[in-house]
Amino acid sequence: MSGSEKIDGRFAYLLEVNEKNEYDVCCALADILSYGRGRVYDELVGDMQDVAQAMSMLYVENKRYEEIAWTLYGVSSGRKLDSLRKSVSRGKEYLKKRMTCLIIEYKRRGYVPFVVGEEAVK
């Protein structure tokens, strides 16, 4: 296959994930956040792009909150830093629940959306 016809089953493993195992769900969440694009990512993150970016920096890139605040807001202390910590904490819980729901939904459907064409090569 060539060009936009190429299909990547990148997240097909989600059909095998035990949605009752918090560790497995968190690993799947980290994997999708680190991938950072595509239909599965969009379904997971929705309108929480900023929180997802901060979580990716924190958990995937191992950056400190101060570094993340500096990158996102141009400051590394104060209210923005406190707000960032709260947002990530709340966002993490929400995205874990959302990841669990998506795994259940994908199992119910019997498939996970594929990464197609240009998405797969970015």
# chains A, B, ... in the order shown; residues from 1 in each chain; ligands from 1
call {"tool": "residues_around", "arguments": {"residues": "Glu105 in chain A", "least_positions_apart": "5", "cutoff": "12 Å", "atoms": "only C-alpha atoms", "output": "PDB file with N, CA and C atoms, in the first residue's frame"}}
result
ATOM      1  N   LEU A  14      -5.109  -2.304  22.518  1.00  0.00           N
ATOM      2  CA  LEU A  14      -6.087  -1.853  23.514  1.00  0.00           C
ATOM      3  C   LEU A  14      -7.219  -2.853  23.703  1.00  0.00           C
ATOM      4  N   LEU A  15      -7.469  -3.678  22.688  1.00  0.00           N
ATOM      5  CA  LEU A  15      -8.493  -4.720  22.808  1.00  0.00           C
ATOM      6  C   LEU A  15      -8.097  -5.785  23.824  1.00  0.00           C
ATOM      7  N   GLU A  19      -9.257  -3.428  31.480  1.00  0.00           N
ATOM      8  CA  GLU A  19      -9.701  -2.107  31.915  1.00  0.00           C
ATOM      9  C   GLU A  19      -9.880  -1.998  33.433  1.00  0.00           C
ATOM     10  N   VAL A  40      -7.475   8.028  18.061  1.00  0.00           N
ATOM     11  CA  VAL A  40      -7.550   7.530  19.439  1.00  0.00           C
ATOM     12  C   VAL A  40      -7.139   8.630  20.405  1.00  0.00           C
ATOM     13  N   GLU A  43      -9.963  11.144  20.588  1.00  0.00           N
ATOM     14  CA  GLU A  43     -11.088  10.617  21.359  1.00  0.00           C
ATOM     15  C   GLU A  43     -10.788  10.634  22.857  1.00  0.00           C
ATOM     16  N   LEU A  44      -9.550  10.391  23.205  1.00  0.00           N
ATOM     17  CA  LEU A  44      -9.154  10.387  24.620  1.00  0.00           C
ATOM     18  C   LEU A  44      -9.089  11.797  25.186  1.00  0.00           C
ATOM     19  N   ARG A  98     -11.519   8.197  31.367  1.00  0.00           N
ATOM     20  CA  ARG A  98     -11.832   8.252  29.944  1.00  0.00           C
ATOM     21  C   ARG A  98     -11.152   7.112  29.191  1.00  0.00           C
ATOM     22  N   MET A  99      -9.898   6.813  29.545  1.00  0.00           N
ATOM     23  CA  MET A  99      -9.173   5.707  28.914  1.00  0.00           C
ATOM     24  C   MET A  99      -9.903   4.390  29.173  1.00  0.00           C
ATOM     25  N   THR A 100     -10.346   4.183  30.401  1.00  0.00           N
ATOM     26  CA  THR A 100     -11.092   2.973  30.752  1.00  0.00           C
ATOM     27  C   THR A 100     -12.355   2.864  29.910  1.00  0.00           C
ATOM     28  N   GLY A 110     -15.323  -4.111  18.955  1.00  0.00           N
ATOM     29  CA  GLY A 110     -14.478  -5.153  18.387  1.00  0.00           C
ATOM     30  C   GLY A 110     -13.315  -4.629  17.579  1.00  0.00           C
ATOM     31  N   TYR A 111     -13.078  -3.329  17.623  1.00  0.00           N
ATOM     32  CA  TYR A 111     -11.936  -2.754  16.908  1.00  0.00           C
ATOM     33  C   TYR A 111     -11.534  -1.423  17.539  1.00  0.00           C
ATOM     34  N   VAL A 112     -10.298  -1.035  17.223  1.00  0.00           N
ATOM     35  CA  VAL A 112      -9.748   0.257  17.636  1.00  0.00           C
ATOM     36  C   VAL A 112      -9.504   1.048  16.363  1.00  0.00           C
ATOM     37  N   PRO A 113      -9.847   2.343  16.346  1.00  0.00           N
ATOM     38  CA  PRO A 113      -9.577   3.122  15.123  1.00  0.00           C
ATOM     39  C   PRO A 113      -8.106   3.030  14.727  1.00  0.00           C
TER      40      PRO A 113
END
call {"tool": "residues_around", "arguments": {"residues": "Tyr59 in chain A", "least_positions_apart": "6", "cutoff": "10 Å", "atoms": "only C-alpha atoms", "output": "PyMOL selection string"}}
result
chain A and resi 30+33-34
call {"tool": "write_last_selection", "arguments": {"atoms": "N, CA and C atoms", "output": "short mmCIF file (atom, residue, chain, number, x, y, z; two decimals), in the first residue's frame"}}
result
data_model
loop_
_atom_site.label_atom_id
_atom_site.label_comp_id
_atom_site.auth_asym_id
_atom_site.auth_seq_id
_atom_site.Cartn_x
_atom_site.Cartn_y
_atom_site.Cartn_z
N ALA A 30 -0.39 6.56 28.98
CA ALA A 30 0.93 7.16 28.72
C ALA A 30 1.36 6.93 27.27
N LEU A 33 -0.69 9.31 25.05
CA LEU A 33 -0.22 10.68 25.23
C LEU A 33 1.13 10.90 24.56
N SER A 34 2.01 9.91 24.64
CA SER A 34 3.32 10.07 24.01
C SER A 34 3.21 10.06 22.49
#
call {"tool": "select_by_dssp", "arguments": {"residues": "range 20-89 of chain A", "states": "alpha helix (DSSP H)", "output": "PyMOL selection string"}}
result
chain A and resi 22-35+38-45+49-55+65-73+79-89
call {"tool": "residues_around", "arguments": {"residues": "range 21-25 of chain A", "least_positions_apart": "2", "cutoff": "12 Å", "atoms": "only C-alpha atoms", "output": "list of chain:residue names"}}
result
A:Tyr13, A:Leu14, A:Leu15, A:Glu16, A:Val17, A:Asn18, A:Glu19, A:Cys27, A:Ala28, A:Leu29, A:Ala30, A:Asp31, A:Ile32, A:Lys92, A:Glu93, A:Leu95, A:Lys96, A:Lys97, A:Arg98, A:Met99, A:Thr100, A:Cys101, A:Leu102, A:Ile103, A:Ile104
call {"tool": "write_last_selection", "arguments": {"atoms": "N, CA, C and O atoms", "output": "short mmCIF file (atom, residue, chain, number, x, y, z; two decimals), in the first residue's frame"}}
result
data_model
loop_
_atom_site.label_atom_id
_atom_site.label_comp_id
_atom_site.auth_asym_id
_atom_site.auth_seq_id
_atom_site.Cartn_x
_atom_site.Cartn_y
_atom_site.Cartn_z
N TYR A 13 -3.65 -3.18 20.37
CA TYR A 13 -3.42 -3.86 21.64
C TYR A 13 -4.43 -3.45 22.72
O TYR A 13 -4.61 -4.14 23.71
N LEU A 14 -5.11 -2.30 22.52
CA LEU A 14 -6.09 -1.85 23.51
C LEU A 14 -7.22 -2.85 23.70
O LEU A 14 -7.84 -2.90 24.76
N LEU A 15 -7.47 -3.68 22.69
CA LEU A 15 -8.49 -4.72 22.81
C LEU A 15 -8.10 -5.79 23.82
O LEU A 15 -8.95 -6.52 24.32
N GLU A 16 -6.81 -5.87 24.15
CA GLU A 16 -6.30 -6.86 25.09
C GLU A 16 -6.09 -6.29 26.49
O GLU A 16 -5.80 -7.03 27.42
N VAL A 17 -6.21 -4.99 26.65
CA VAL A 17 -5.94 -4.34 27.94
C VAL A 17 -7.07 -4.64 28.92
O VAL A 17 -8.24 -4.55 28.57
N ASN A 18 -6.69 -4.99 30.13
CA ASN A 18 -7.66 -5.22 31.20
C ASN A 18 -8.05 -3.87 31.78
O ASN A 18 -7.28 -3.26 32.51
N GLU A 19 -9.26 -3.43 31.48
CA GLU A 19 -9.70 -2.11 31.92
C GLU A 19 -9.88 -2.00 33.43
O GLU A 19 -9.98 -0.90 33.97
N CYS A 27 -0.60 2.66 31.66
CA CYS A 27 0.40 2.43 30.60
C CYS A 27 -0.17 2.76 29.23
O CYS A 27 0.50 3.40 28.41
N ALA A 28 -1.42 2.36 28.98
CA ALA A 28 -2.07 2.69 27.71
C ALA A 28 -2.24 4.20 27.57
O ALA A 28 -1.98 4.77 26.51
N LEU A 29 -2.63 4.85 28.65
CA LEU A 29 -2.78 6.30 28.66
C LEU A 29 -1.46 6.99 28.33
O LEU A 29 -1.41 7.88 27.47
N ALA A 30 -0.39 6.56 28.98
CA ALA A 30 0.93 7.16 28.72
C ALA A 30 1.36 6.93 27.27
O ALA A 30 1.92 7.83 26.63
N ASP A 31 1.07 5.75 26.73
CA ASP A 31 1.43 5.45 25.35
C ASP A 31 0.70 6.37 24.38
O ASP A 31 1.30 6.94 23.46
N ILE A 32 -0.58 6.55 24.59
CA ILE A 32 -1.37 7.40 23.70
C ILE A 32 -0.95 8.86 23.82
O ILE A 32 -0.83 9.57 22.83
N LYS A 92 -5.43 14.00 35.19
CA LYS A 92 -4.97 12.61 35.24
C LYS A 92 -6.13 11.69 35.62
O LYS A 92 -6.34 10.66 34.99
N GLU A 93 -6.87 12.06 36.62
CA GLU A 93 -8.00 11.23 37.06
C GLU A 93 -9.06 11.15 35.97
O GLU A 93 -9.59 10.08 35.69
N LEU A 95 -8.65 11.58 32.67
CA LEU A 95 -8.16 10.84 31.50
C LEU A 95 -8.04 9.34 31.79
O LEU A 95 -8.23 8.53 30.88
N LYS A 96 -7.73 8.97 33.03
CA LYS A 96 -7.71 7.54 33.37
C LYS A 96 -9.12 6.96 33.22
O LYS A 96 -9.30 5.87 32.66
N LYS A 97 -10.13 7.68 33.71
CA LYS A 97 -11.51 7.22 33.58
C LYS A 97 -11.91 7.18 32.11
O LYS A 97 -12.55 6.23 31.66
N ARG A 98 -11.52 8.20 31.37
CA ARG A 98 -11.83 8.25 29.94
C ARG A 98 -11.15 7.11 29.19
O ARG A 98 -11.74 6.50 28.31
N MET A 99 -9.90 6.81 29.54
CA MET A 99 -9.17 5.71 28.91
C MET A 99 -9.90 4.39 29.17
O MET A 99 -10.07 3.57 28.26
N THR A 100 -10.35 4.18 30.40
CA THR A 100 -11.09 2.97 30.75
C THR A 100 -12.35 2.86 29.91
O THR A 100 -12.65 1.79 29.36
N CYS A 101 -13.09 3.96 29.78
CA CYS A 101 -14.32 3.96 28.97
C CYS A 101 -14.03 3.67 27.51
O CYS A 101 -14.78 2.92 26.86
N LEU A 102 -12.94 4.22 26.98
CA LEU A 102 -12.58 3.96 25.58
C LEU A 102 -12.21 2.50 25.37
O LEU A 102 -12.61 1.90 24.36
N ILE A 103 -11.47 1.93 26.30
CA ILE A 103 -11.10 0.51 26.18
C ILE A 103 -12.36 -0.34 26.14
O ILE A 103 -12.50 -1.24 25.29
N ILE A 104 -13.29 -0.06 27.03
CA ILE A 104 -14.55 -0.81 27.06
C ILE A 104 -15.31 -0.62 25.75
O ILE A 104 -15.84 -1.59 25.18
#
call {"tool": "atom_distance", "arguments": {"atom1": "CA of Tyr35 in chain A", "atom2": "CA of Val75 in chain A"}}
result
26.6 Å
call {"tool": "residues_around", "arguments": {"residues": "Tyr65 in chain A", "least_positions_apart": "4", "cutoff": "8 Å", "atoms": "only C-alpha atoms", "output": "ChimeraX atom specification"}}
result
/A:58,69,76,81,84-85
call {"tool": "atom_distance", "arguments": {"atom1": "CA of Phe11 in chain A", "atom2": "CA of Arg64 in chain A"}}
result
28.1 Å
